[in-house]
Amino acid sequence: AALSHHVKVIWCGLEEPLGDPVRRFVEFGANPDNILVIDRITEHADLFSEIDRFEPAMVFIDTLAKWGEGHVTDWHSSAQVTPIMSALADLCHHSRVAVFVSHHARKSDGKFRDSTAIAAGCDLMVEMHGDESDRFVRRFEPVGRLGLAPFALRVP
């Protein structure tokens, strides 16, 4: 929450009603002047325009499947997924923003699913799992170039 008082953030909550992220940002005491919430994107260029206008340090896209809608019909196909991931990498490099993307895991075991092009296009992947002993705890397992150790967070 304190981070959002100093850093501009774009939140693309493409799978949830607009009120949900707004309510969470208010609950966490975020500075509304530094957060732009977007609940739908018609074209990827719309997000790029908002980045140019708002100049955030971070962009959160929830979810990759919704972002790729209309572009990807087979999430196991690297030929279809690679252009989406390349566009996100270009966005990071040219706009100098950090992009965080959520993606659903397999229901069977909570592990990464779909094309390996998704993992190849990320500097860091973090799998989130519930904690069987405490429903308010989430365990995170980072994998990637940044070398972060696993950690846990308690959610309100």
# chains A, B, ... in the order shown; residues from 1 in each chain; ligands from 1
$ closest_atom_pairs --of "stretch 16-90 of chain A" --to "stretch 99-121 of chain A" --cutoff "9 Å" --atoms "only C-alpha atoms" --output "Markdown table"
| residue | atom | partner | partner_atom | distance |
| --- | --- | --- | --- | --- |
| A:Ala57 | CA | A:Val99 | CA | 8.8 |
| A:Met58 | CA | A:Val99 | CA | 5.8 |
| A:Val59 | CA | A:Val99 | CA | 4.8 |
| A:Phe60 | CA | A:Phe100 | CA | 4.7 |
| A:Ile61 | CA | A:Val101 | CA | 4.7 |
| A:Asp62 | CA | A:Ser102 | CA | 5.2 |
| A:Thr63 | CA | A:Ser102 | CA | 4.9 |
| A:Leu64 | CA | A:His103 | CA | 5.4 |
| A:Ala65 | CA | A:His103 | CA | 6.9 |
| A:Asp74 | CA | A:Asp114 | CA | 8.7 |
| A:Trp75 | CA | A:Asp114 | CA | 5.4 |
| A:His76 | CA | A:Ser115 | CA | 4.2 |
| A:Ser77 | CA | A:Ser115 | CA | 5.9 |
| A:Ser78 | CA | A:Ala117 | CA | 5.4 |
| A:Ala79 | CA | A:Ala117 | CA | 8.4 |
| A:Val81 | CA | A:Ala117 | CA | 6.3 |
| A:Thr82 | CA | A:Ala117 | CA | 5.6 |
| A:Ile84 | CA | A:Ile118 | CA | 8.8 |
| A:Met85 | CA | A:Gly121 | CA | 5.5 |
| A:Ser86 | CA | A:Gly121 | CA | 6.9 |
| A:Leu88 | CA | A:Val99 | CA | 7.5 |
| A:Ala89 | CA | A:Gly121 | CA | 7.1 |
$ residues_around --residues "A:Leu146" --least-positions-apart "4" --cutoff "12 Å" --atoms "only C-alpha atoms" --output "ChimeraX atom specification"
/A:122-126,142
$ residues_around --residues "stretch 22-30 of chain A" --least-positions-apart "2" --cutoff "12 Å" --atoms "only C-alpha atoms" --output "list in words"
Ala1, Ala2, Leu3, Ser4, His5, His6, Val7, Lys8, Val9, Ile10, Trp11, Cys12, Gly13, Glu16, Pro17, Leu18, Gly19, Asp20, Pro32, Asp33, Asn34, Ile35, Leu36, Val37, Ile38, Asp39, Val155 and Pro156 of chain A
$ write_last_selection --atoms "N, CA and C atoms" --output "short mmCIF file (atom, residue, chain, number, x, y, z; two decimals), in the first residue's frame"
data_model
loop_
_atom_site.label_atom_id
_atom_site.label_comp_id
_atom_site.auth_asym_id
_atom_site.auth_seq_id
_atom_site.Cartn_x
_atom_site.Cartn_y
_atom_site.Cartn_z
N ALA A 1 0.82 -1.19 0.00
CA ALA A 1 0.00 0.00 0.00
C ALA A 1 0.86 1.26 0.00
N ALA A 2 1.93 1.27 0.79
CA ALA A 2 2.77 2.46 0.86
C ALA A 2 3.42 2.75 -0.49
N LEU A 3 3.72 1.69 -1.23
CA LEU A 3 4.34 1.85 -2.54
C LEU A 3 3.47 2.71 -3.45
N SER A 4 2.17 2.50 -3.42
CA SER A 4 1.29 3.23 -4.33
C SER A 4 1.18 4.71 -3.98
N HIS A 5 1.70 5.14 -2.82
CA HIS A 5 1.72 6.56 -2.49
C HIS A 5 2.81 7.30 -3.24
N HIS A 6 3.81 6.56 -3.74
CA HIS A 6 4.96 7.21 -4.35
C HIS A 6 5.16 6.83 -5.81
N VAL A 7 4.58 5.75 -6.23
CA VAL A 7 4.81 5.21 -7.57
C VAL A 7 3.49 5.17 -8.33
N LYS A 8 3.52 5.60 -9.57
CA LYS A 8 2.32 5.51 -10.40
C LYS A 8 2.16 4.08 -10.92
N VAL A 9 0.92 3.60 -10.86
CA VAL A 9 0.60 2.22 -11.21
C VAL A 9 -0.63 2.21 -12.11
N ILE A 10 -0.58 1.37 -13.16
CA ILE A 10 -1.79 1.07 -13.94
C ILE A 10 -2.20 -0.34 -13.59
N TRP A 11 -3.46 -0.50 -13.19
CA TRP A 11 -4.02 -1.81 -12.87
C TRP A 11 -5.05 -2.14 -13.95
N CYS A 12 -4.76 -3.17 -14.74
CA CYS A 12 -5.70 -3.66 -15.77
C CYS A 12 -6.42 -4.87 -15.20
N GLY A 13 -7.52 -4.63 -14.55
CA GLY A 13 -8.33 -5.71 -13.98
C GLY A 13 -9.36 -6.15 -15.00
N GLU A 16 -12.43 -8.69 -13.66
CA GLU A 16 -13.21 -8.42 -12.47
C GLU A 16 -13.98 -7.11 -12.63
N PRO A 17 -15.07 -6.97 -11.89
CA PRO A 17 -15.80 -5.70 -11.96
C PRO A 17 -14.92 -4.55 -11.48
N LEU A 18 -15.06 -3.40 -12.09
CA LEU A 18 -14.25 -2.22 -11.79
C LEU A 18 -14.22 -1.89 -10.30
N GLY A 19 -15.33 -2.09 -9.62
CA GLY A 19 -15.40 -1.74 -8.20
C GLY A 19 -14.48 -2.57 -7.31
N ASP A 20 -14.15 -3.80 -7.73
CA ASP A 20 -13.32 -4.68 -6.89
C ASP A 20 -11.92 -4.12 -6.66
N PRO A 32 -5.07 7.70 -4.72
CA PRO A 32 -5.81 7.57 -5.97
C PRO A 32 -5.22 8.37 -7.13
N ASP A 33 -4.41 9.39 -6.83
CA ASP A 33 -3.79 10.16 -7.91
C ASP A 33 -2.71 9.37 -8.64
N ASN A 34 -2.22 8.30 -8.01
CA ASN A 34 -1.12 7.53 -8.59
C ASN A 34 -1.55 6.17 -9.12
N ILE A 35 -2.86 5.93 -9.17
CA ILE A 35 -3.35 4.65 -9.67
C ILE A 35 -4.39 4.89 -10.75
N LEU A 36 -4.18 4.24 -11.88
CA LEU A 36 -5.15 4.26 -12.97
C LEU A 36 -5.69 2.84 -13.11
N VAL A 37 -6.98 2.69 -12.92
CA VAL A 37 -7.62 1.37 -13.02
C VAL A 37 -8.33 1.29 -14.36
N ILE A 38 -8.03 0.24 -15.10
CA ILE A 38 -8.64 -0.01 -16.41
C ILE A 38 -9.36 -1.35 -16.32
N ASP A 39 -10.62 -1.37 -16.73
CA ASP A 39 -11.36 -2.63 -16.64
C ASP A 39 -11.63 -3.29 -18.00
N VAL A 155 -2.91 -12.53 3.96
CA VAL A 155 -3.86 -11.62 3.31
C VAL A 155 -5.00 -11.30 4.27
N PRO A 156 -5.51 -10.07 4.21
CA PRO A 156 -6.58 -9.70 5.13
C PRO A 156 -7.88 -10.41 4.81
#
$ atom_distance --atom1 "atom CA of A:Leu153" --atom2 "atom CA of A:Val137"
5.6 Å
$ closest_residue --among "A:Gln80, A:Ser133, A:Ser95, A:Asn31" --to "A:Phe54" --atoms "only C-alpha atoms"
A:Ser95
$ closest_residue --among "A:Phe151, A:Glu132, A:Ala87, A:His71" --to "A:Ala45" --atoms "only C-alpha atoms"
A:Ala87
$ select_by_dssp --residues "chain A" --states "helix (DSSP H, G or I)" --output "VMD selection string"
chain A and resid 3 to 5 19 to 27 32 to 34 44 to 54 64 to 67 78 to 95 116 to 120
$ closest_residue --among "A:Gly70, A:Glu55, A:Gly130, A:Arg135" --to "A:Arg96" --atoms "only C-alpha atoms"
A:Glu55
$ select_by_dssp --residues "chain A" --states "strand (DSSP E or B)" --output "PyMOL selection string"
chain A and resi 9-13+35-38+58-62+98-102+124-131+134-144+151-154
